[in-house]
Every structure is written in C-alpha cells, then in structure tokens.
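Everything on this sheet refers to the single structure shown next.
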Amino acid sequence: MNFEFSDGQKEIRRAVAALCARFGNEYWRSCDERNAYPDEFVKTMTEAGWLSALIPQEYGGAGLGMLDASLILEEVNRSGGNAVACHAQMYTMAAILKHGSVEQKQRYLPRIASGELRLQSFGVTEPDAGSETPKIKTFARLEGDNYIINGQKIFTSRYQHSDMLLLLARTTPFDQVKKKTDGLSLFLVNIKESGSAIKAVPIATMVNHGTNQLFIDNLVLPREALVGEEGKGFFCLLSSLNAERILVASESIGDGRWFVDYATQYANQRRVFDRPIGMNQGVQFPIAKAHVAVEAADLMRLKAAALFDAGLPCGAEANMAKYLATEAAWEAGEAAMVTLGGYGFTKEYHVERKWREARLYRTAPIANNLVLSYVAEHLLGLPRSY
Ligand SMILES: Cc1cc2nc3c(=O)[nH]c(=O)nc-3n(C[C@H](O)[C@H](O)[C@H](O)COP(=O)(O)OP(=O)(O)OC[C@H]3O[C@@H](n4cnc5c(N)ncnc54)[C@H](O)[C@@H]3O)c2cc1C
C-alpha cells in the first residue's frame with residue numbers, strides 16, 4: 001500500500017492552488033453576495049485545462065483519472081472557493097465516456113474540452129419523486145425518429161450557465177416495468193437547440209448555486225440524443241453518480257481543511273483572558289476532532305477514487321466517502337463557528353459563507369440518510385425500509 005501522491009498529482013495540487021490564489025475569499029464573497037456565477041473563475045479553470053481533466057486526450061482533454069480530478073476540486077474548495085460552479089462537467093463525463101456513442105463523443109467532447117461548450121447541468125430530481133428517483137414522471141415518447149419529452153424538474157443547477165443538459169426521463173411508465181430502475185433513459189440535450197421547450201425558473205436558496213425549476217413542454221430530441229440504451233438510463237447514470245459522490249467528497253475535504261486551517265489560525269491569534277483562545281481545550285478539541293474526521297474521510301475518498309480509476313466496483317466506497325467527508329466538513333464548519341464566536345456570523349470573516357456551502361452537501365446530491373440506508377440495506381443486508 002502506497003500513500004504517496006505521484007509527482008504529477010503533487011504538481012496538480014500546486015498548480016490548482018496557485019490558480020485559486022488569484023481568486024481569494026473576497027472574490028467568492030462578492031459572487032455570493034451578488035448571487036453571481038463565478039464566470040471569470042470558470043473561464044480561467046477551463047483555459048488552464050482543469051475542467052477537461054477527465055476527457056481523454058484523443059478528444060482534446062487532459063486524460064487524467066478520478067483521483068487527479070478529485071484533487072483539482074479539493075484544492076478549489078480548500079482555497080476558500082466553491083467548485084460547485086464547475087464540478088458537473090467532471091461527473092457527467094463518466095456517463096458520456098462509458099455509455100455515449102462514438103458520434104456523441106466526437107461531436108461534443110472536443111468542444112467541451114476547448115471550452116466552446118459547457119456541460120454543467122444535470123436534471124434528475126423532480127418535485128414529486130424527491131430522493132425516490134425511479135418515481136420520476138418526466139416522460140420521453142418515441143415518435144418516428146424523435147423523442148418528445150414532457151415533464152418537470154426541480155433543483156437543476158447552472159442551467160443558465162451551461163450549453164448542455166444531461167437529462168433523465170422515463171421511457172416506460174413506472175407501473176409497466178419489472179424492476180423499478182428499468183425504463184429510465186438518459187438524454188444529452190443541447191440547451192440552445194431546445195428553444196422555448198424548456199422554461200427555467202430560478203429558485204432562491206441560501207447558497208449561490210444558480211438552481212432552477214425546469215418546465216419541459218414538448219421538447220423534441222433526435223434519437224441520437226439518447227445516451228446508452230433506451231430503458232437503461234439508471235444503469236448509465238450509476239457511473240456518473242459514483243463519480244459525483246467521489247468529487248463531492250473531495251470538495252467537502254477541501255472545505256474541511258479550509259475550516260480547520262482558518263479556525264487554527266484564528267485561535268492562535270485571538271486573545272481573550274490574556275491568552276490565545278486556542279489555549280482552551282474547549283476551543284482546541286473541536287478543531288482537533290474535525291481534523292481527525294477530515295483526515296479519515298480523505299482515506300475513504302482515496303480508496304473510492306483508486307477503485308474508480310481501476311475500473312473496479314466502487315459504489316460502497318464512493319457512498320461512504322461522500323458521507324464521511326460531508327459530515328467531517330460540517331463538523332469542521334461548526335468548530336470554526338465556535339472558534340470565531342460572534343465574528344463567525346459576519347460576512348467579513350467568510351466562515352458563514354463556507355458554512356452554508358458545506359451544509360448543502362449533507363443533503364445534495366444525495367441526502368446522507370439515503371447513504372446510510374444504502375449502507376444498511378445493500379452492504380449490511382438489513383431489511384429494506386422502502
Ligand atoms: C442547492 C441545490 C442544488 C441542487 N442541484 C441539483 C442538480 O443540479 N440536479 C439534480 O438533479 N438535483 C439537484 N438537487 C436536488 C438534490 O439532489 C435533492 O434535494 C436531494 O437529493 C434530496 O431530495 P429532496 O430534496 O426531494 O428530499 P426528499 O426526498 O423529499 O427528502 C427529504 C428528507 O427526508 C429524508 N428521507 C427521505 N426518504 C427517506 C428514507 N427512506 N429514509 C430516511 N430518510 C429519508 C431525506 O434524507 C431528506 O432529509 C439540488 C438541491 C439543492 C438544494
């Protein structure tokens with residue numbers, strides 16, 4: 001077992017950290033306050049080639065692996081930034097690479113790699129289905145050579161900042177399938193070509209996330225927009241869901257490290273009762289516990305990413321890494337809040353923004369209750385609760 005990063009991985013960390021240093025806490029605070037998409041940051045990351053990390057070199061990408069990609073996103077969040085603005089392009093890639101047609105790859109991947117197209121939007125969640133994805137109602141009906149899609153999505157993020165949308169729809173009604181995950185299909189939608197068939201209504205949230213409700217009215221897609229086999233969309237989605245869990249875990253590890261560093265520095269400097277507050281174990285221990293939790297979560301993230309890169313099953317590890325890292329980041333956020341006292345609530349100190357951002361990942365892209373349910377039922381063999 002080797003816990004050393006390669007020289008290439010060390011260089012990825014160094015280079016991404018250097019790029020992120022140009023976009024400090026003030027940049028991210030300003031985007032958050034204006035609810036603005038961090039356009040300049042995303043452009044810079046794209047031009048530097050980091051967002052095409054997972055696109056194979058033959059299509060103009062960097063041809064890196066999941067572990068490399070996870071380090072890139074970790075560094076973004078570790079710097080005080082928020083990789084949410086650009087992470088979808090990495091996790092959606094897994095489904096396209098594994099299940100997309102040669103024609104889809106040739107048509108889109110070089111343009112995504114060059115930054116001409118953005119694939120940053122992923123439409124799965126629906127108001128009536130929630131965490132129960134098989135119950136989605138958005139329906140794609142095949143008519144001649146076209147699919148006609150109607151339905152509704154909720155919390156579809158970055159729609160206004162993306163050229164492409166990866167969309168999950170039913171192609172066989174729920175009550176006509178043997179297995180509830182059958183009969184779902186995945187589509188690659190060119191947003192501009194969809195014209196007025198998709199209406200996006202922004203949802204105001206406590207995070208700068210650009211999320212939307214989508215109303216889909218007779219969206220016409222050619223057969224070629226289907227990713228993988230019709231009816232097997234859930235299976236195609238799984239590779240992207242594992243990628244998403246690993247990448248989100250990495251962002252949370254970055255958040256956790258940012259909180260621990262920030263709290264440590266503040267606890268060393270802030271003096272009350274004529275001594276640094278960091279001398280009090282009531283302040284030290286929450287920071288130390290959070291550090292332990294973040295480091296442990298990192299090990300599971302590394303294992304999940306290594307399995308993913310080896311093409312081995314990694315669902316268990318990806319889910320556990322997502323759980324451990326998001327809980328560790330939350331613990332670290334709480335420790336930072338305790339350490340900063342009243343200043344934690346002020347925008348000037350940035351902790352409250354990172355705290356809101358870190359909280360999201362306990363709920364999205366999958367609620368941690370559902371991860372525990374997966375572990376209990378699929379890994380431990382406990383009776384199914386649903
Ligand atoms: C800011 C933001 C951005 C998002 N971006 C996207 C996106 O880009 N694309 C996309 O498709 N989705 C996106 N989502 C949706 C997100 O993935 C869902 O909110 C999440 O999966 C939970 O679904 P839900 O909100 O419908 O909660 P529900 O399914 O209604 O669950 C509510 C609560 O009940 C709990 N619960 C439900 N069932 C069980 C059970 N059986 N056992 C135990 N607990 C249970 C859950 O853990 C949760 O805490 C986003 C959400 C947010 C808030």
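Order determines the names: the first chain of the structure tokens is A, the second B, and so forth; residues in each chain are numbered 1 upward, and ligands are numbered 1 upward as they are shown.
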
Using only C-alpha atoms, find each residue in range 23-110 of chain A having at least one atom no more than 8 Å away from range 235-258 of chain A; report its shortest atom-to-atom pair and that distance in Å (one decimal), rows by chain then rising number, as a tab-separated table.
```
residue	atom	partner	partner_atom	distance
A:Met66	CA	A:Ala243	CA	7.4
A:Ala69	CA	A:Leu247	CA	7.6
A:Ser70	CA	A:Leu247	CA	5.3
A:Leu71	CA	A:Ser250	CA	7.0
A:Leu73	CA	A:Glu251	CA	5.6
A:Glu74	CA	A:Gly254	CA	4.4
A:Glu75	CA	A:Gly254	CA	6.1
A:Val76	CA	A:Gly254	CA	7.2
A:Asn77	CA	A:Gly254	CA	4.8
A:Arg78	CA	A:Gly254	CA	4.0
A:Ser79	CA	A:Trp258	CA	6.8
A:Gly80	CA	A:Trp258	CA	6.5
A:Ala83	CA	A:Glu251	CA	6.9
A:His87	CA	A:Leu247	CA	7.7
A:Ala88	CA	A:Glu244	CA	7.8
A:Met90	CA	A:Ala243	CA	8.0
A:Tyr91	CA	A:Glu244	CA	5.1
A:Thr92	CA	A:Ser240	CA	5.5
A:Met93	CA	A:Ser240	CA	7.0
A:Ala94	CA	A:Ser240	CA	5.0
A:Ala95	CA	A:Ser240	CA	5.2
A:Lys98	CA	A:Cys236	CA	7.8
A:His99	CA	A:Cys236	CA	6.3
```

Given 8 Å and only C-alpha atoms and all ligand atoms, residues near ligand 1 as an NGL selection string:
:A and (88 or 121-132 or 153-158 or 205-211 or 360 or 363-370 or 373 or 385-386)

Run DSSP on the backbone and grab whatever in range 173-283 of chain A lands in strand (DSSP E or B); send it over as a VMD selection string. chain A and resid 184 to 190 198 to 202 211 to 222 226 to 227 232 271 to 272 275 to 276

With a cut-off of 7 Å, could you pull out the residues of range 46-143 of chain A touching range 171-178 of chain A and give me the nearest pair of atoms for each, distance in Å to one decimal, using only C-alpha atoms, ordered by chain and ascending number, as a tab-separated table?
```
residue	atom	partner	partner_atom	distance
A:Lys135	CA	A:Phe174	CA	6.7
A:Phe139	CA	A:Thr171	CA	5.9
A:Ala140	CA	A:Thr171	CA	5.2
A:Arg141	CA	A:Thr171	CA	6.3
```

Can you tell me, as JSON, numbers by chain, which residues in range 69-120 of chain A count as helix (DSSP H, G or I) by DSSP? {"A": [69, 70, 71, 72, 73, 74, 75, 76, 77, 78, 83, 84, 85, 88, 89, 90, 91, 92, 93, 94, 95, 96, 97, 98, 99, 102, 103, 104, 105, 106, 107, 108, 109, 110, 111, 112, 113, 114]}

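With only C-alpha atoms as the atoms that count, the residue of A:Gly282, A:Gly151, A:Gly24, A:Gly315 with the shortest distance to Leu379 in chain A is A:Gly315.
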
Residues near Phe3 in chain A, cut-off 12 Å, only C-alpha atoms, skip fewer than 4 positions along chain, as a PyMOL selection string:
chain A and resi 298-299+302-303+306

Output N, CA and C atoms for every residue in that selection, as a compact mmCIF listing (two decimals), in the first residue's frame.
```txt
# COMPACT_ATOMS: atom_id res chain seq x y z
N ASP A 298 -10.67 11.45 4.11
CA ASP A 298 -9.76 11.51 2.97
C ASP A 298 -9.32 10.11 2.56
N LEU A 299 -9.06 9.25 3.54
CA LEU A 299 -8.61 7.89 3.20
C LEU A 299 -9.68 7.15 2.40
N LEU A 302 -9.76 8.49 -1.10
CA LEU A 302 -8.65 7.98 -1.92
C LEU A 302 -8.93 6.55 -2.37
N LYS A 303 -9.50 5.76 -1.47
CA LYS A 303 -9.81 4.37 -1.82
C LYS A 303 -10.87 4.33 -2.93
N ALA A 306 -9.36 5.46 -6.21
CA ALA A 306 -8.43 4.46 -6.76
C ALA A 306 -9.21 3.30 -7.37
```

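The protein and nucleic acid residues lying at most 12 Å from Tyr27 in chain A are Cys20, Ala21, Arg22, Phe23, Gly24, Ser30, Cys31, Asp32, Glu33, Arg34, Ala36, Tyr37, Pro38, Asp39, Glu40, Phe41, Ser79, Gly80, Gly81, Asn82 and His350 of chain A, with only C-alpha atoms considered and sequence neighbours fewer than 3 positions away removed.
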
Write the residues of the selection above to a file with N, CA and C atoms, as a PDB file, in the first residue's frame.
```pdb
ATOM      1  N   CYS A  20      -6.026  29.158  -7.917  1.00  0.00           N
ATOM      2  CA  CYS A  20      -7.097  29.587  -6.995  1.00  0.00           C
ATOM      3  C   CYS A  20      -6.673  30.788  -6.144  1.00  0.00           C
ATOM      4  N   ALA A  21      -5.369  30.901  -5.898  1.00  0.00           N
ATOM      5  CA  ALA A  21      -4.890  32.019  -5.077  1.00  0.00           C
ATOM      6  C   ALA A  21      -5.191  33.362  -5.749  1.00  0.00           C
ATOM      7  N   ARG A  22      -5.397  33.319  -7.085  1.00  0.00           N
ATOM      8  CA  ARG A  22      -5.761  34.558  -7.790  1.00  0.00           C
ATOM      9  C   ARG A  22      -7.222  34.941  -7.536  1.00  0.00           C
ATOM     10  N   PHE A  23      -8.010  33.999  -7.007  1.00  0.00           N
ATOM     11  CA  PHE A  23      -9.422  34.259  -6.697  1.00  0.00           C
ATOM     12  C   PHE A  23      -9.608  34.038  -5.198  1.00  0.00           C
ATOM     13  N   GLY A  24      -9.339  35.059  -4.436  1.00  0.00           N
ATOM     14  CA  GLY A  24      -9.331  34.882  -2.980  1.00  0.00           C
ATOM     15  C   GLY A  24     -10.730  34.897  -2.375  1.00  0.00           C
ATOM     16  N   SER A  30     -17.905  38.203  -2.918  1.00  0.00           N
ATOM     17  CA  SER A  30     -18.597  39.111  -3.821  1.00  0.00           C
ATOM     18  C   SER A  30     -19.577  38.334  -4.722  1.00  0.00           C
ATOM     19  N   CYS A  31     -19.144  37.197  -5.260  1.00  0.00           N
ATOM     20  CA  CYS A  31     -20.059  36.383  -6.094  1.00  0.00           C
ATOM     21  C   CYS A  31     -21.263  35.963  -5.264  1.00  0.00           C
ATOM     22  N   ASP A  32     -20.996  35.533  -4.036  1.00  0.00           N
ATOM     23  CA  ASP A  32     -22.076  35.051  -3.164  1.00  0.00           C
ATOM     24  C   ASP A  32     -23.076  36.173  -2.881  1.00  0.00           C
ATOM     25  N   GLU A  33     -22.547  37.359  -2.561  1.00  0.00           N
ATOM     26  CA  GLU A  33     -23.434  38.476  -2.209  1.00  0.00           C
ATOM     27  C   GLU A  33     -24.286  38.907  -3.396  1.00  0.00           C
ATOM     28  N   ARG A  34     -23.706  38.812  -4.606  1.00  0.00           N
ATOM     29  CA  ARG A  34     -24.452  39.229  -5.800  1.00  0.00           C
ATOM     30  C   ARG A  34     -25.214  38.059  -6.412  1.00  0.00           C
ATOM     31  N   ALA A  36     -23.977  35.777  -8.030  1.00  0.00           N
ATOM     32  CA  ALA A  36     -23.448  35.789  -9.404  1.00  0.00           C
ATOM     33  C   ALA A  36     -22.633  34.521  -9.684  1.00  0.00           C
ATOM     34  N   TYR A  37     -22.740  34.057 -10.897  1.00  0.00           N
ATOM     35  CA  TYR A  37     -21.937  32.903 -11.326  1.00  0.00           C
ATOM     36  C   TYR A  37     -20.464  33.338 -11.403  1.00  0.00           C
ATOM     37  N   PRO A  38     -19.551  32.550 -10.866  1.00  0.00           N
ATOM     38  CA  PRO A  38     -18.123  32.946 -10.899  1.00  0.00           C
ATOM     39  C   PRO A  38     -17.509  32.724 -12.273  1.00  0.00           C
ATOM     40  N   ASP A  39     -18.007  33.521 -13.215  1.00  0.00           N
ATOM     41  CA  ASP A  39     -17.652  33.348 -14.626  1.00  0.00           C
ATOM     42  C   ASP A  39     -16.149  33.389 -14.884  1.00  0.00           C
ATOM     43  N   GLU A  40     -15.500  34.390 -14.285  1.00  0.00           N
ATOM     44  CA  GLU A  40     -14.074  34.569 -14.548  1.00  0.00           C
ATOM     45  C   GLU A  40     -13.278  33.359 -14.042  1.00  0.00           C
ATOM     46  N   PHE A  41     -13.685  32.867 -12.881  1.00  0.00           N
ATOM     47  CA  PHE A  41     -13.010  31.701 -12.318  1.00  0.00           C
ATOM     48  C   PHE A  41     -13.205  30.479 -13.231  1.00  0.00           C
ATOM     49  N   SER A  79      -9.139  26.367  -1.079  1.00  0.00           N
ATOM     50  CA  SER A  79      -8.654  27.744  -1.221  1.00  0.00           C
ATOM     51  C   SER A  79      -9.682  28.759  -0.721  1.00  0.00           C
ATOM     52  N   GLY A  80     -10.882  28.271  -0.349  1.00  0.00           N
ATOM     53  CA  GLY A  80     -11.949  29.200   0.048  1.00  0.00           C
ATOM     54  C   GLY A  80     -12.983  29.360  -1.038  1.00  0.00           C
ATOM     55  N   GLY A  81     -12.748  28.737  -2.197  1.00  0.00           N
ATOM     56  CA  GLY A  81     -13.688  28.824  -3.313  1.00  0.00           C
ATOM     57  C   GLY A  81     -14.781  27.780  -3.230  1.00  0.00           C
ATOM     58  N   ASN A  82     -15.544  27.694  -4.319  1.00  0.00           N
ATOM     59  CA  ASN A  82     -16.681  26.778  -4.341  1.00  0.00           C
ATOM     60  C   ASN A  82     -16.733  26.094  -5.712  1.00  0.00           C
ATOM     61  N   HIS A 350     -15.838  35.287   6.293  1.00  0.00           N
ATOM     62  CA  HIS A 350     -16.003  34.229   5.281  1.00  0.00           C
ATOM     63  C   HIS A 350     -16.501  32.878   5.815  1.00  0.00           C
TER      64      HIS A 350
END
```

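Those residues that approach Gly100 in chain A to within 6 Å, counting only C-alpha atoms, are Ile96, Val227 and Gly228 of chain A; same-chain residues fewer than 4 positions away are not listed.
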
Give me a file of those residues, with N, CA and C atoms, as a tab-separated table (two decimals), in the first residue's frame.
```tsv
chain	number	residue	atom	x	y	z
A	96	ILE	N	-21.03	9.80	-20.13
A	96	ILE	CA	-20.80	10.00	-21.57
A	96	ILE	C	-19.67	9.08	-22.06
A	227	VAL	N	-28.36	8.66	-24.54
A	227	VAL	CA	-27.05	8.19	-24.08
A	227	VAL	C	-27.21	6.74	-23.63
A	228	GLY	N	-26.49	5.83	-24.27
A	228	GLY	CA	-26.61	4.41	-23.93
A	228	GLY	C	-27.92	3.86	-24.48
```

Correct to one decimal, the distance CA of Tyr108 in chain A-CA of Phe187 in chain A is 13.4 Å

Discussion item. Can you tell me which residues surround Gly63 in chain A at a distance of at most 12 Å, considering only C-alpha atoms, apart from same-chain residues fewer than 6 positions away, and format the answer as a PyMOL selection string?
Written reply: chain A and resi 49-57+69+90+93+97+109+113+309

So that I can see what lies close to His291 in chain A, please list as a PDB file with C-alpha atoms, in the first residue's frame the residues with an atom at most 12 Å from it, counting only C-alpha atoms and leaving out residues fewer than 5 positions away in the same chain.
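Result written to out36.pdb:
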```pdb
ATOM      1  CA  ILE A 253     -12.484  17.504   2.277  1.00  0.00           C
ATOM      2  CA  GLY A 254     -11.297  20.807   0.802  1.00  0.00           C
ATOM      3  CA  ASP A 255     -13.954  22.651   2.845  1.00  0.00           C
ATOM      4  CA  GLY A 256     -12.980  20.731   5.990  1.00  0.00           C
ATOM      5  CA  ARG A 257      -9.316  21.622   5.554  1.00  0.00           C
ATOM      6  CA  TRP A 258     -10.175  25.269   4.918  1.00  0.00           C
ATOM      7  CA  PHE A 259     -12.231  25.407   8.144  1.00  0.00           C
ATOM      8  CA  VAL A 260      -9.541  23.662  10.200  1.00  0.00           C
ATOM      9  CA  ASP A 261      -6.786  25.960   8.893  1.00  0.00           C
ATOM     10  CA  TYR A 262      -8.890  29.079   9.330  1.00  0.00           C
ATOM     11  CA  ALA A 263     -10.006  28.147  12.857  1.00  0.00           C
ATOM     12  CA  THR A 264      -6.450  27.191  13.889  1.00  0.00           C
ATOM     13  CA  GLN A 284      -8.829  23.128  20.692  1.00  0.00           C
ATOM     14  CA  PHE A 285     -10.737  19.865  20.865  1.00  0.00           C
ATOM     15  CA  PRO A 286     -13.498  20.614  18.333  1.00  0.00           C
ATOM     16  CA  ALA A 296     -10.174   9.771   7.975  1.00  0.00           C
ATOM     17  CA  ALA A 297     -12.672  10.792   5.291  1.00  0.00           C
ATOM     18  CA  ASP A 298      -9.762  11.512   2.966  1.00  0.00           C
ATOM     19  CA  ALA A 325     -16.422  13.822   4.079  1.00  0.00           C
ATOM     20  CA  GLU A 327     -20.134  15.118   7.889  1.00  0.00           C
ATOM     21  CA  ALA A 328     -16.478  15.928   8.601  1.00  0.00           C
ATOM     22  CA  ALA A 329     -16.750  19.236   6.729  1.00  0.00           C
ATOM     23  CA  TRP A 330     -19.856  20.079   8.719  1.00  0.00           C
ATOM     24  CA  GLU A 331     -18.066  19.247  11.972  1.00  0.00           C
ATOM     25  CA  ALA A 332     -15.148  21.427  10.884  1.00  0.00           C
ATOM     26  CA  GLY A 333     -17.552  24.237   9.974  1.00  0.00           C
ATOM     27  CA  ALA A 335     -15.660  24.070  15.036  1.00  0.00           C
ATOM     28  CA  ALA A 336     -14.797  27.186  13.038  1.00  0.00           C
TER      29      ALA A 336
END
```

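Comparing A:Val189, A:Gly65, A:Arg29, A:Thr46 by their smallest distance to Gly311 in chain A, the closest is A:Gly65 (using only C-alpha atoms).
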